>>> print(open('protein03.txt').read())   # compact mmCIF, C-alpha atoms
# COMPACT_ATOMS: atom_id res chain seq x y z
CA MET A 1 41.83 -30.66 -39.42
CA PRO A 2 42.84 -27.03 -38.74
CA LYS A 3 45.45 -26.64 -36.09
CA SER A 4 43.11 -24.58 -33.88
CA PHE A 5 40.72 -27.55 -33.69
CA GLN A 6 43.28 -30.29 -33.12
CA ARG A 7 42.81 -32.19 -29.86
CA ILE A 8 45.92 -32.09 -27.72
CA LYS A 9 46.21 -34.68 -24.99
CA THR A 10 47.29 -33.82 -21.47
CA ASP A 11 48.97 -35.96 -18.83
CA TYR A 12 45.51 -36.76 -17.41
CA PRO A 13 43.52 -39.58 -19.03
CA GLY A 14 40.45 -38.37 -20.87
CA VAL A 15 41.47 -34.71 -20.65
CA TYR A 16 42.50 -32.73 -23.71
CA PHE A 17 42.39 -29.19 -25.06
CA ILE A 18 42.28 -27.24 -28.26
CA GLU A 19 44.03 -23.98 -28.99
CA GLY A 20 41.65 -21.02 -29.08
CA THR A 21 41.74 -17.26 -28.49
CA ALA A 22 40.77 -15.41 -25.35
CA VAL A 23 37.50 -13.46 -25.46
CA GLY A 24 38.18 -9.75 -25.65
CA THR A 25 41.96 -9.86 -25.93
CA GLY A 26 42.41 -12.29 -28.81
CA LYS A 27 45.40 -13.87 -27.08
CA PRO A 28 46.00 -17.63 -27.34
CA GLU A 29 43.95 -19.61 -24.78
CA ARG A 30 43.45 -23.31 -24.13
CA ILE A 31 39.90 -24.67 -24.12
CA TYR A 32 39.67 -27.88 -22.08
CA TYR A 33 37.48 -30.90 -22.81
CA ILE A 34 36.92 -34.24 -21.14
CA ARG A 35 35.93 -37.64 -22.55
CA TYR A 36 34.25 -40.47 -20.64
CA ARG A 37 31.57 -43.09 -21.06
CA LYS A 38 28.02 -42.84 -19.71
CA ASN A 39 25.83 -45.96 -19.93
CA GLY A 40 28.21 -47.38 -22.53
CA LYS A 41 28.05 -44.27 -24.66
CA ALA A 42 31.05 -41.97 -25.28
CA VAL A 43 30.57 -38.41 -24.02
CA ASP A 44 32.72 -35.41 -25.01
CA GLU A 45 32.15 -32.23 -22.97
CA LYS A 46 33.69 -28.82 -22.70
CA VAL A 47 34.69 -28.01 -19.12
CA GLY A 48 36.16 -24.50 -19.38
CA ARG A 49 38.70 -22.03 -20.66
CA GLN A 50 42.21 -21.55 -19.42
CA PHE A 51 41.90 -17.87 -18.42
CA GLN A 52 38.20 -17.10 -18.45
CA ASN A 53 37.32 -20.06 -16.20
CA ASP A 54 40.71 -20.55 -14.58
CA MET A 55 40.68 -24.10 -15.93
CA THR A 56 43.67 -26.45 -15.65
CA PRO A 57 44.19 -30.11 -16.65
CA ALA A 58 44.01 -31.12 -12.98
CA ARG A 59 40.68 -29.39 -12.44
CA ALA A 60 39.33 -30.88 -15.62
CA ALA A 61 40.41 -34.34 -14.42
CA ARG A 62 38.54 -33.86 -11.10
CA ILE A 63 35.38 -32.85 -12.97
CA ARG A 64 35.73 -35.95 -15.17
CA ALA A 65 36.09 -38.18 -12.12
CA LEU A 66 32.86 -36.83 -10.61
CA LYS A 67 30.98 -37.52 -13.81
CA VAL A 68 32.42 -40.99 -14.19
CA GLU A 69 31.31 -41.81 -10.64
CA GLY A 70 27.86 -40.35 -11.32
CA LEU A 71 28.25 -37.61 -8.72
CA GLU A 72 27.72 -34.97 -11.39
CA ILE A 73 25.42 -35.30 -14.37
CA PRO A 74 26.57 -34.72 -17.94
CA ASN A 75 26.23 -31.26 -19.44
CA ALA A 76 23.53 -32.38 -21.87
CA GLU A 77 21.41 -33.74 -19.02
CA LYS A 78 22.09 -30.64 -16.97
CA ARG A 79 20.94 -28.40 -19.85
CA ALA A 80 17.84 -30.53 -20.34
CA SER A 81 17.09 -30.35 -16.61
CA GLU A 82 17.57 -26.58 -16.55
CA GLN A 83 15.37 -26.15 -19.60
CA ALA A 84 12.67 -28.31 -18.04
CA LYS A 85 12.89 -26.30 -14.81
CA LYS A 86 12.71 -23.02 -16.70
CA LYS A 87 9.75 -24.26 -18.69
CA ALA A 88 7.97 -25.30 -15.49
CA GLU A 89 8.70 -21.92 -13.93
CA ASN A 90 7.36 -20.12 -17.00
CA THR A 91 4.25 -22.30 -16.97
CA ALA A 92 3.72 -21.59 -13.27
CA LYS A 93 4.30 -17.88 -13.85
CA ALA A 94 1.81 -17.83 -16.72
CA ALA A 95 -0.71 -19.68 -14.57
CA GLU A 96 -0.16 -17.22 -11.72
CA GLU A 97 -0.54 -14.26 -14.05
CA SER A 98 -3.81 -15.67 -15.35
CA ARG A 99 -5.17 -16.09 -11.79
CA TRP A 100 -7.49 -13.29 -10.76
CA THR A 101 -6.75 -13.25 -7.07
CA ILE A 102 -8.51 -10.88 -4.69
CA SER A 103 -5.37 -8.72 -4.52
CA LYS A 104 -5.11 -8.61 -8.31
CA LEU A 105 -8.78 -7.67 -8.62
CA TRP A 106 -8.36 -4.91 -6.04
CA ASP A 107 -5.27 -3.50 -7.76
CA SER A 108 -7.15 -3.48 -11.05
CA TYR A 109 -10.10 -1.77 -9.36
CA CYS A 110 -7.79 0.95 -8.01
CA GLU A 111 -6.32 1.60 -11.45
CA THR A 112 -9.79 2.16 -12.92
CA HIS A 113 -11.34 4.11 -10.03
CA ILE A 114 -8.90 6.96 -9.45
CA GLU A 115 -11.87 9.30 -9.05
CA ASN A 116 -12.68 7.59 -5.74
CA LYS A 117 -11.90 10.35 -3.21
CA VAL A 118 -11.18 7.94 -0.36
CA LEU A 119 -9.14 5.50 -2.45
CA ASP A 120 -5.86 6.18 -0.63
CA ALA A 121 -7.47 5.38 2.72
CA GLU A 122 -9.11 2.27 1.28
CA LYS A 123 -5.80 1.09 -0.19
CA GLN A 124 -4.27 1.26 3.28
CA LYS A 125 -7.19 -0.69 4.78
CA PHE A 126 -6.90 -3.37 2.10
CA ASN A 127 -3.13 -3.73 2.59
CA VAL A 128 -3.45 -4.01 6.37
CA HIS A 129 -6.49 -6.25 6.67
CA LEU A 130 -6.96 -8.18 3.40
CA ARG A 131 -3.82 -8.50 1.29
CA GLU A 132 -2.00 -10.94 3.57
CA SER A 133 -5.04 -12.82 4.88
CA VAL A 134 -7.07 -13.49 1.71
CA GLY A 135 -5.35 -11.49 -1.04
CA ASN A 136 -3.67 -14.51 -2.68
CA LYS A 137 -6.93 -16.42 -2.92
CA GLU A 138 -9.20 -16.42 -5.92
CA PRO A 139 -12.79 -15.51 -5.04
CA ALA A 140 -13.83 -19.12 -5.68
CA GLN A 141 -11.42 -20.19 -2.91
CA LEU A 142 -12.91 -17.77 -0.39
CA LEU A 143 -14.92 -19.43 2.35
CA PRO A 144 -17.46 -17.98 4.81
CA VAL A 145 -15.02 -18.81 7.61
CA ASP A 146 -12.42 -16.51 5.98
CA VAL A 147 -14.88 -13.62 6.10
CA ASP A 148 -15.94 -14.43 9.67
CA ARG A 149 -12.31 -14.54 10.77
CA ILE A 150 -11.69 -11.01 9.45
CA ARG A 151 -14.88 -9.64 10.99
CA LEU A 152 -14.43 -11.26 14.41
CA ALA A 153 -10.76 -10.26 14.68
CA LEU A 154 -11.72 -6.59 14.29
CA GLN A 155 -14.89 -6.70 16.38
CA LYS A 156 -13.08 -8.35 19.29
CA ARG A 157 -10.79 -5.30 19.35
CA GLY A 158 -13.79 -2.99 19.32
CA HIS A 159 -13.39 -1.99 15.66
CA LYS A 160 -16.93 -2.70 14.47
CA THR A 161 -16.96 0.22 12.04
CA THR A 162 -13.61 -0.82 10.58
CA ALA A 163 -14.90 -4.38 10.15
CA ALA A 164 -17.85 -3.07 8.16
CA ARG A 165 -15.59 -0.93 5.97
CA ILE A 166 -13.17 -3.80 5.30
CA LEU A 167 -15.89 -6.28 4.37
CA GLU A 168 -17.50 -3.68 2.11
CA ILE A 169 -14.17 -3.27 0.29
CA LEU A 170 -13.91 -7.06 -0.04
CA ARG A 171 -17.44 -7.36 -1.43
CA ARG A 172 -16.91 -4.45 -3.82
CA THR A 173 -13.66 -6.00 -5.08
CA ILE A 174 -15.32 -9.31 -5.90
CA ASN A 175 -18.34 -7.59 -7.48
CA TYR A 176 -15.89 -5.67 -9.68
CA GLY A 177 -14.27 -8.95 -10.78
CA VAL A 178 -17.67 -10.45 -11.60
CA LYS A 179 -18.66 -7.36 -13.58
CA LYS A 180 -15.44 -7.51 -15.61
CA GLY A 181 -15.82 -11.25 -16.25
CA HIS A 182 -12.65 -12.14 -14.34
CA THR A 183 -14.37 -14.35 -11.78
CA SER A 184 -17.67 -16.00 -10.90
CA PRO A 185 -20.01 -14.74 -8.17
CA LEU A 186 -19.54 -16.09 -4.67
CA THR A 187 -21.71 -18.97 -3.57
CA PHE A 188 -22.47 -17.13 -0.33
CA LYS A 189 -23.26 -13.56 0.68
CA ILE A 190 -20.76 -11.36 2.47
CA GLU A 191 -22.78 -9.92 5.35
CA ILE A 192 -21.77 -6.37 6.31
CA PRO A 193 -22.23 -5.59 10.04
CA ARG A 194 -24.98 -3.03 10.48
CA LEU A 195 -23.80 0.21 12.03
CA ASN A 196 -25.53 2.94 13.94
CA ASN A 197 -24.05 5.91 12.13
CA GLN A 198 -26.72 8.31 13.27
CA THR A 199 -24.54 9.83 15.96
CA THR A 200 -25.32 13.53 16.13
CA GLU A 201 -22.72 15.34 18.19
CA ASP A 202 -23.75 18.59 19.81
CA LEU A 203 -22.46 21.23 22.18
CA SER A 204 -24.34 23.40 24.62
CA GLU A 205 -24.15 27.19 24.46
CA ARG A 206 -21.74 27.12 27.39
CA GLN A 207 -19.53 24.58 25.60
CA ILE A 208 -19.55 26.62 22.38
CA LYS A 209 -18.49 29.69 24.34
CA ASP A 210 -15.70 27.72 26.00
CA LEU A 211 -14.63 26.44 22.57
CA LEU A 212 -14.44 29.95 21.09
CA GLU A 213 -12.37 31.12 24.05
CA ALA A 214 -10.05 28.10 23.71
CA LEU A 215 -9.61 28.78 20.00
CA ASP A 216 -8.75 32.43 20.65
CA ALA A 217 -6.21 31.51 23.31
CA ASP A 218 -4.42 28.67 21.50
CA ALA A 219 -0.98 29.23 19.97
CA ASP A 220 -1.75 27.13 16.88
CA GLN A 221 -4.05 29.51 15.04
CA GLN A 222 -3.99 27.42 11.87
CA ALA A 223 -5.68 24.55 13.71
CA ALA A 224 -7.97 27.04 15.46
CA ASN A 225 -9.05 28.58 12.14
CA VAL A 226 -9.79 25.19 10.61
CA MET A 227 -12.05 24.38 13.57
CA ARG A 228 -13.71 27.81 13.39
CA ILE A 229 -14.56 27.29 9.73
CA ALA A 230 -16.05 23.86 10.51
CA LEU A 231 -18.25 25.48 13.16
CA PHE A 232 -19.22 28.56 11.10
CA THR A 233 -19.87 26.80 7.78
CA GLY A 234 -20.51 23.12 8.48
CA MET A 235 -17.94 22.17 5.83
CA ARG A 236 -16.28 18.78 5.85
CA ARG A 237 -12.67 18.38 6.95
CA SER A 238 -11.41 17.51 3.43
CA GLU A 239 -13.34 20.43 1.92
CA ILE A 240 -11.74 22.87 4.35
CA PHE A 241 -8.25 21.53 3.67
CA ARG A 242 -8.74 21.86 -0.11
CA LEU A 243 -10.07 25.43 0.00
CA LYS A 244 -8.32 27.91 -2.28
CA TRP A 245 -8.56 31.67 -1.96
CA VAL A 246 -10.25 31.85 -5.37
CA ASP A 247 -13.04 29.68 -3.94
CA ILE A 248 -14.08 32.42 -1.53
CA ASP A 249 -16.25 35.07 -3.18
CA SER A 250 -16.68 37.76 -0.54
CA GLN A 251 -18.49 40.13 -2.91
CA ARG A 252 -21.24 37.68 -3.88
CA GLY A 253 -21.13 35.96 -0.52
CA PHE A 254 -20.45 32.35 -1.56
CA ILE A 255 -17.89 29.58 -1.02
CA SER A 256 -17.18 27.20 -3.89
CA ILE A 257 -16.57 23.60 -2.83
CA ARG A 258 -14.53 21.82 -5.48
CA ASP A 259 -14.80 18.08 -6.01
CA PRO A 260 -16.82 17.41 -2.83
CA LYS A 261 -17.79 14.06 -1.39
CA GLY A 262 -21.11 14.16 -3.22
CA GLY A 263 -19.39 14.34 -6.62
CA ARG A 264 -20.40 17.63 -8.27
CA ASP A 265 -18.99 21.04 -7.37
CA GLN A 266 -21.16 22.95 -4.89
CA THR A 267 -21.55 26.48 -3.58
CA ILE A 268 -22.67 27.40 -0.10
CA PRO A 269 -23.46 30.85 1.33
CA LEU A 270 -20.68 32.78 3.03
CA SER A 271 -22.06 34.28 6.23
CA ALA A 272 -20.79 37.61 7.53
CA ALA A 273 -19.14 35.84 10.48
CA ALA A 274 -17.37 33.37 8.17
CA ALA A 275 -16.31 36.19 5.81
CA ALA A 276 -14.79 38.09 8.74
CA LEU A 277 -12.96 34.93 9.77
CA PHE A 278 -11.42 34.48 6.31
CA GLU A 279 -10.34 38.14 6.36
CA ARG A 280 -8.31 37.46 9.52
CA ILE A 281 -6.47 34.42 8.10
CA GLU A 282 -2.95 35.23 6.94
CA ARG A 283 -2.37 34.83 3.20
CA TYR A 284 0.89 33.58 1.71
CA GLU A 285 1.68 34.97 -1.73
CA GLU A 286 3.27 31.76 -2.99
CA ALA A 287 0.34 29.57 -1.82
CA HIS A 288 -3.06 29.30 -3.47
CA TRP A 289 -4.43 27.30 -0.56
CA VAL A 290 -6.17 28.89 2.40
CA PHE A 291 -4.38 26.32 4.56
CA PRO A 292 -1.07 25.45 2.84
CA GLY A 293 0.85 22.39 3.96
CA GLN A 294 4.53 22.12 4.82
CA ASN A 295 5.38 20.95 1.31
CA LYS A 296 5.37 23.78 -1.19
CA GLY A 297 2.36 23.69 -3.47
CA LYS A 298 0.42 21.22 -1.28
CA HIS A 299 -2.52 21.87 0.99
CA LEU A 300 -2.85 20.88 4.63
CA THR A 301 -3.82 17.25 5.09
CA THR A 302 -4.08 16.90 8.85
CA LEU A 303 -4.04 18.96 12.03
CA ASN A 304 -1.33 18.80 14.65
CA ARG A 305 -2.53 16.20 17.14
CA GLU A 306 -1.05 18.02 20.13
CA SER A 307 -2.86 21.23 19.14
CA VAL A 308 -6.19 19.45 18.71
CA ASP A 309 -5.84 17.64 22.06
CA ARG A 310 -4.95 20.92 23.74
CA ILE A 311 -8.01 22.69 22.31
CA ARG A 312 -10.22 19.70 23.07
CA LYS A 313 -9.16 19.75 26.72
CA ALA A 314 -9.48 23.53 27.08
CA ALA A 315 -12.95 23.54 25.49
CA GLY A 316 -14.14 20.64 27.62
CA PHE A 317 -15.44 18.56 24.72
CA PRO A 318 -17.70 15.67 25.75
CA PRO A 319 -16.16 12.15 25.53
CA GLY A 320 -16.01 10.87 21.97
CA PHE A 321 -16.63 14.29 20.40
CA ARG A 322 -14.81 14.55 17.05
CA PRO A 323 -13.09 17.94 16.76
CA LEU A 324 -13.94 18.60 13.08
CA HIS A 325 -16.82 16.37 12.05
CA GLY A 326 -18.43 17.00 15.41
CA LEU A 327 -18.38 20.76 14.74
CA ARG A 328 -20.14 20.10 11.43
CA HIS A 329 -22.87 18.38 13.47
CA VAL A 330 -23.01 21.33 15.86
CA PHE A 331 -23.54 23.70 12.90
CA ALA A 332 -26.39 21.53 11.59
CA SER A 333 -27.94 21.01 15.02
CA MET A 334 -28.04 24.75 15.74
CA LEU A 335 -29.86 25.43 12.48
CA ALA A 336 -32.28 22.52 12.85
CA SER A 337 -33.20 23.34 16.44
CA SER A 338 -33.71 27.02 15.65
CA GLY A 339 -37.00 26.15 13.96
CA ARG A 340 -36.22 28.67 11.22
CA VAL A 341 -34.40 26.38 8.77
CA ASP A 342 -36.26 23.60 6.97
CA LEU A 343 -34.58 20.26 6.28
CA TYR A 344 -34.35 20.87 2.52
CA THR A 345 -32.38 24.08 3.12
CA LEU A 346 -30.22 22.30 5.70
CA GLN A 347 -29.52 19.53 3.17
CA LYS A 348 -28.26 22.13 0.68
CA LEU A 349 -26.09 23.86 3.27
CA LEU A 350 -24.51 20.54 4.27
CA THR A 351 -24.20 19.48 0.59
CA HIS A 352 -25.84 16.16 1.40
CA LYS A 353 -26.55 14.12 -1.70
CA SER A 354 -29.89 12.84 -0.41
CA PRO A 355 -32.43 13.97 2.22
CA ALA A 356 -31.82 10.74 4.13
CA MET A 357 -28.46 12.07 5.37
CA THR A 358 -30.14 15.20 6.76
CA GLN A 359 -33.03 13.33 8.36
CA ARG A 360 -31.00 12.69 11.51
CA TYR A 361 -31.61 16.33 12.49
CA ALA A 362 -35.38 16.13 12.00
CA HIS A 363 -36.10 15.44 15.67
CA LEU A 364 -34.40 18.72 16.65
CA ARG A 365 -36.71 20.68 14.39
CA ASP A 366 -39.69 18.60 15.57
CA ASP A 367 -38.96 19.59 19.17
CA VAL A 368 -39.40 23.25 18.26
CA LEU A 369 -42.64 22.50 16.44
CA LYS A 370 -43.92 20.51 19.42
CA ARG A 371 -43.23 23.42 21.74
CA ALA A 372 -45.09 25.71 19.35
CA ALA A 373 -48.03 23.30 19.31
CA GLU A 374 -48.09 23.31 23.10
CA VAL A 375 -48.47 27.10 23.02
CA ALA A 376 -51.60 26.74 20.90
CA GLY A 377 -52.99 24.10 23.22
CA ASN A 378 -52.36 26.24 26.27
CA ILE A 379 -54.01 29.24 24.63
CA ILE A 380 -57.16 27.24 24.04
CA SER A 381 -57.07 25.79 27.53
CA SER A 382 -56.80 29.22 29.09
CA ILE A 383 -59.85 30.63 27.31
CA GLY A 384 -62.59 31.33 29.78
CA GLU A 385 -60.31 31.40 32.78
CA LYS A 386 -60.97 34.40 34.95
CA ASP A 387 -57.43 34.92 36.19
CA GLY A 388 -55.53 37.29 33.90
CA GLU A 389 -52.00 35.93 34.34
CA THR A 390 -51.85 32.15 34.82
CA GLU A 391 -48.97 29.83 34.51
CA ASN A 392 -50.16 28.83 31.02
CA SER A 393 -51.51 32.19 29.85
CA PRO A 394 -51.27 32.93 26.10
CA ASP A 395 -49.05 35.94 26.68
CA LYS A 396 -46.60 33.95 28.76
CA GLN A 397 -46.48 31.01 26.34
CA THR A 398 -45.99 33.32 23.37
CA ALA A 399 -43.23 35.15 25.23
CA GLU A 400 -41.49 31.81 25.95
CA LEU A 401 -41.61 30.86 22.28
CA ASN A 402 -40.22 34.24 21.27
CA ARG A 403 -37.39 33.87 23.78
CA GLU A 404 -36.51 30.43 22.38
CA LYS A 405 -36.33 31.85 18.88
CA ALA A 406 -34.25 34.79 20.05
CA ASP A 407 -31.69 32.39 21.52
CA PHE A 408 -30.79 31.33 17.96
>>> encode(input="protein03.txt", output="structure tokens")
Amino acid sequence: MPKSFQRIKTDYPGVYFIEGTAVGTGKPERIYYIRYRKNGKAVDEKVGRQFQNDMTPARAARIRALKVEGLEIPNAEKRASEQAKKKAENTAKAAEESRWTISKLWDSYCETHIENKVLDAEKQKFNVHLRESVGNKEPAQLLPVDVDRIRLALQKRGHKTTAARILEILRRTINYGVKKGHTSPLTFKIEIPRLNNQTTEDLSERQIKDLLEALDADADQQAANVMRIALFTGMRRSEIFRLKWVDIDSQRGFISIRDPKGGRDQTIPLSAAAAALFERIERYEEAHWVFPGQNKGKHLTTLNRESVDRIRKAAGFPPGFRPLHGLRHVFASMLASSGRVDLYTLQKLLTHKSPAMTQRYAHLRDDVLKRAAEVAGNIISSIGEKDGETENSPDKQTAELNREKADF
């Protein structure tokens, strides 16, 4: 037997070493082993190196004593146990990776639907309201009570709209998994709370005048200009924020809306008042955006809350009036109630995808038509009356209608 493999006994029974070389340095180093019997069978085990493991005969003897007394299992059993544990962990990991949980389905949906313009907001909603509560469940494990718990928790806090949005995301996520073959359809239907989204915010002439004065007086003219554009054009908040100077064609009189909510690029007319407004907005040479953000190369993403609250208070907005989307409603309401803009034209100006979205303003236009019909009825009723100027005379009714039109 080569000298390097000769077993050299120590003063401790069952402890010996062989002469080896240290890893890295090549210097001589003792490698300690122990020998004992386990269930009548002789066991030889390596316990460590002299320098690398700081092993000594005494330490090796203590390790041997533990194994003899059964307080520590043999290395072979330990390796087998570790291998079995690792195998079980790998099996569990593989099983987990093969599970299409609601969270996994949603993450996959997000990766394949980057064109969704509200995806960032929906991701936040999912993380807050769904990931912890039901995200680790597979759709087959989802129960009606899970859905009810989410809905009721939000509705009790007065967040009915949020509840509807969250449950719609949940339903869409599961439908995506079914479509991709990752999961089976639910055995029950996720009911989405019905919402009354037909709120049409409006301002009186006095309130509009107060708003314009408040905008002129406010120190934050960036916020003021954003609100002016919403009022003058009816554009959406996101569309205003994403406006670039190249999108404004003053010569032809159009505004290009890139990547709008409806999907396809749109153009809307640029009124003289809106054109004059854009002329007054300060341009920054290094920024392509009409409203650049604080980060170079980025557009504005939100208005200063203090500025908006200040303008809201100075203008005397009604309770619940939304500063930007509400002004879009004001723009539409003014046109609809003028009686001079049909709903199809209004739909195009608002870039609504379908007439159903514009239908909420139909009653405003109908009011004008009803007043016009009353004029005709009063004209007929007054025929044959001897008095020249009555309360319902044709001339007076016609003059009233003309005055209403002139107001717009």
>>> residues_near_point(input="protein03.txt", point="(-4.9, -16.0, 0.1)", cutoff="12 Å", atoms="all atoms listed in the file", output="ChimeraX atom specification")
/A:99-104,129-143,146-147
>>> atom_distance(input="protein03.txt", atom1="CA of Gly234 (chain A)", atom2="CA of Phe331 (chain A)")
5.4 Å
>>> atom_distance(input="protein03.txt", atom1="CA of Lys93 (chain A)", atom2="CA of Lys123 (chain A)")
25.5 Å
>>> closest_residue(input="protein03.txt", among="A:His299, A:His329, A:Arg172, A:Lys67", to="Trp106 (chain A)", atoms="only C-alpha atoms")
A:Arg172
>>> residues_around(input="protein03.txt", residues="region 355-357 of chain A", least_positions_apart="3", cutoff="10 Å", atoms="all atoms listed in the file", output="list of chain:residue names")
A:Gln198, A:Leu343, A:Tyr344, A:Leu346, A:Gln347, A:Lys348, A:Leu350, A:Thr351, A:His352, A:Arg360, A:Tyr361
>>> write_last_selection(input="protein03.txt", atoms="C-alpha atoms", output="PDB file, in the frame of the given file")
ATOM      1  CA  GLN A 198     -26.720   8.310  13.270  1.00  0.00           C
ATOM      2  CA  LEU A 343     -34.580  20.260   6.280  1.00  0.00           C
ATOM      3  CA  TYR A 344     -34.350  20.870   2.520  1.00  0.00           C
ATOM      4  CA  LEU A 346     -30.220  22.300   5.700  1.00  0.00           C
ATOM      5  CA  GLN A 347     -29.520  19.530   3.170  1.00  0.00           C
ATOM      6  CA  LYS A 348     -28.260  22.130   0.680  1.00  0.00           C
ATOM      7  CA  LEU A 350     -24.510  20.540   4.270  1.00  0.00           C
ATOM      8  CA  THR A 351     -24.200  19.480   0.590  1.00  0.00           C
ATOM      9  CA  HIS A 352     -25.840  16.160   1.400  1.00  0.00           C
ATOM     10  CA  ARG A 360     -31.000  12.690  11.510  1.00  0.00           C
ATOM     11  CA  TYR A 361     -31.610  16.330  12.490  1.00  0.00           C
TER      12      TYR A 361
END
>>> closest_atom_pairs(input="protein03.txt", of="region 208-286 of chain A", to="region 304-319 of chain A", cutoff="9 Å", atoms="all atoms listed in the file", output="JSON lines")
{"residue": "A:Ile208", "atom": "CA", "partner": "A:Ala315", "partner_atom": "CA", "distance": 7.9}
{"residue": "A:Lys209", "atom": "CA", "partner": "A:Ala315", "partner_atom": "CA", "distance": 8.4}
{"residue": "A:Asp210", "atom": "CA", "partner": "A:Ala315", "partner_atom": "CA", "distance": 5.0}
{"residue": "A:Leu211", "atom": "CA", "partner": "A:Ala315", "partner_atom": "CA", "distance": 4.4}
{"residue": "A:Leu212", "atom": "CA", "partner": "A:Ala315", "partner_atom": "CA", "distance": 7.9}
{"residue": "A:Glu213", "atom": "CA", "partner": "A:Ala315", "partner_atom": "CA", "distance": 7.7}
{"residue": "A:Ala214", "atom": "CA", "partner": "A:Ala315", "partner_atom": "CA", "distance": 5.7}
{"residue": "A:Leu215", "atom": "CA", "partner": "A:Ile311", "partner_atom": "CA", "distance": 6.7}
{"residue": "A:Asp218", "atom": "CA", "partner": "A:Ile311", "partner_atom": "CA", "distance": 7.0}
{"residue": "A:Ala219", "atom": "CA", "partner": "A:Ser307", "partner_atom": "CA", "distance": 8.3}
{"residue": "A:Asp220", "atom": "CA", "partner": "A:Ser307", "partner_atom": "CA", "distance": 6.4}
{"residue": "A:Ala223", "atom": "CA", "partner": "A:Ser307", "partner_atom": "CA", "distance": 7.0}
{"residue": "A:Ala224", "atom": "CA", "partner": "A:Ile311", "partner_atom": "CA", "distance": 8.1}
>>> write_last_selection(input="protein03.txt", atoms="C-alpha atoms", output="PDB file, keeping the file's coordinate frame")
ATOM      1  CA  ILE A 208     -19.550  26.620  22.380  1.00  0.00           C
ATOM      2  CA  LYS A 209     -18.490  29.690  24.340  1.00  0.00           C
ATOM      3  CA  ASP A 210     -15.700  27.720  26.000  1.00  0.00           C
ATOM      4  CA  LEU A 211     -14.630  26.440  22.570  1.00  0.00           C
ATOM      5  CA  LEU A 212     -14.440  29.950  21.090  1.00  0.00           C
ATOM      6  CA  GLU A 213     -12.370  31.120  24.050  1.00  0.00           C
ATOM      7  CA  ALA A 214     -10.050  28.100  23.710  1.00  0.00           C
ATOM      8  CA  LEU A 215      -9.610  28.780  20.000  1.00  0.00           C
ATOM      9  CA  ASP A 218      -4.420  28.670  21.500  1.00  0.00           C
ATOM     10  CA  ALA A 219      -0.980  29.230  19.970  1.00  0.00           C
ATOM     11  CA  ASP A 220      -1.750  27.130  16.880  1.00  0.00           C
ATOM     12  CA  ALA A 223      -5.680  24.550  13.710  1.00  0.00           C
ATOM     13  CA  ALA A 224      -7.970  27.040  15.460  1.00  0.00           C
TER      14      ALA A 224
END
>>> closest_atom_pairs(input="protein03.txt", of="region 91-133 of chain A", to="region 262-286 of chain A", cutoff="10 Å", atoms="all atoms listed in the file", output="JSON lines")
{"residue": "A:Glu115", "atom": "CA", "partner": "A:Gly263", "partner_atom": "CA", "distance": 9.4}
{"residue": "A:Asn116", "atom": "CA", "partner": "A:Gly263", "partner_atom": "CA", "distance": 9.6}
{"residue": "A:Lys117", "atom": "CA", "partner": "A:Gly263", "partner_atom": "CA", "distance": 9.1}
>>> write_last_selection(input="protein03.txt", atoms="C-alpha atoms", output="mmCIF file, in the frame of the given file")
data_model
loop_
_atom_site.group_PDB
_atom_site.id
_atom_site.type_symbol
_atom_site.label_atom_id
_atom_site.label_comp_id
_atom_site.auth_asym_id
_atom_site.auth_seq_id
_atom_site.Cartn_x
_atom_site.Cartn_y
_atom_site.Cartn_z
ATOM 1 C CA GLU A 115 -11.870 9.300 -9.050
ATOM 2 C CA ASN A 116 -12.680 7.590 -5.740
ATOM 3 C CA LYS A 117 -11.900 10.350 -3.210
#
>>> closest_residue(input="protein03.txt", among="A:Ile174, A:Ala84, A:Val23, A:Ile31", to="Gln6 (chain A)", atoms="all atoms listed in the file")
A:Ile31
>>> atom_distance(input="protein03.txt", atom1="CA of Phe232 (chain A)", atom2="CA of Gly320 (chain A)")
21.0 Å
>>> residues_near_point(input="protein03.txt", point="(37.5, -24.6, -19.5)", cutoff="9 Å", atoms="all atoms listed in the file", output="number ranges by chain")
A: 17, 30-33, 46-56, 60
>>> residues_around(input="protein03.txt", residues="Arg165 (chain A)", least_positions_apart="4", cutoff="9 Å", atoms="all atoms listed in the file", output="PyMOL selection string")
chain A and resi 122+125+160-161+169-170+192
>>> write_last_selection(input="protein03.txt", atoms="C-alpha atoms", output="PDB file, in the coordinates of the input")
ATOM      1  CA  GLU A 122      -9.110   2.270   1.280  1.00  0.00           C
ATOM      2  CA  LYS A 125      -7.190  -0.690   4.780  1.00  0.00           C
ATOM      3  CA  LYS A 160     -16.930  -2.700  14.470  1.00  0.00           C
ATOM      4  CA  THR A 161     -16.960   0.220  12.040  1.00  0.00           C
ATOM      5  CA  ILE A 169     -14.170  -3.270   0.290  1.00  0.00           C
ATOM      6  CA  LEU A 170     -13.910  -7.060  -0.040  1.00  0.00           C
ATOM      7  CA  ILE A 192     -21.770  -6.370   6.310  1.00  0.00           C
TER       8      ILE A 192
END
>>> residues_around(input="protein03.txt", residues="region 229-231 of chain A", least_positions_apart="6", cutoff="8 Å", atoms="all atoms listed in the file", output="JSON, numbers by chain")
{"A": [237, 240, 274, 277, 324, 325, 327, 328, 330, 331]}
>>> axis_aligned_box(input="protein03.txt", around="region 52-71 of chain A", padding_each_side="6 Å", output="JSON")
{"center_x": 36.0, "center_y": -29.5, "center_z": -13.6, "size_x": 28.3, "size_y": 36.7, "size_z": 21.7}
>>> closest_residue(input="protein03.txt", among="A:Glu168, A:Ser98, A:Gly253, A:Phe5", to="Thr21 (chain A)", atoms="all atoms listed in the file")
A:Phe5
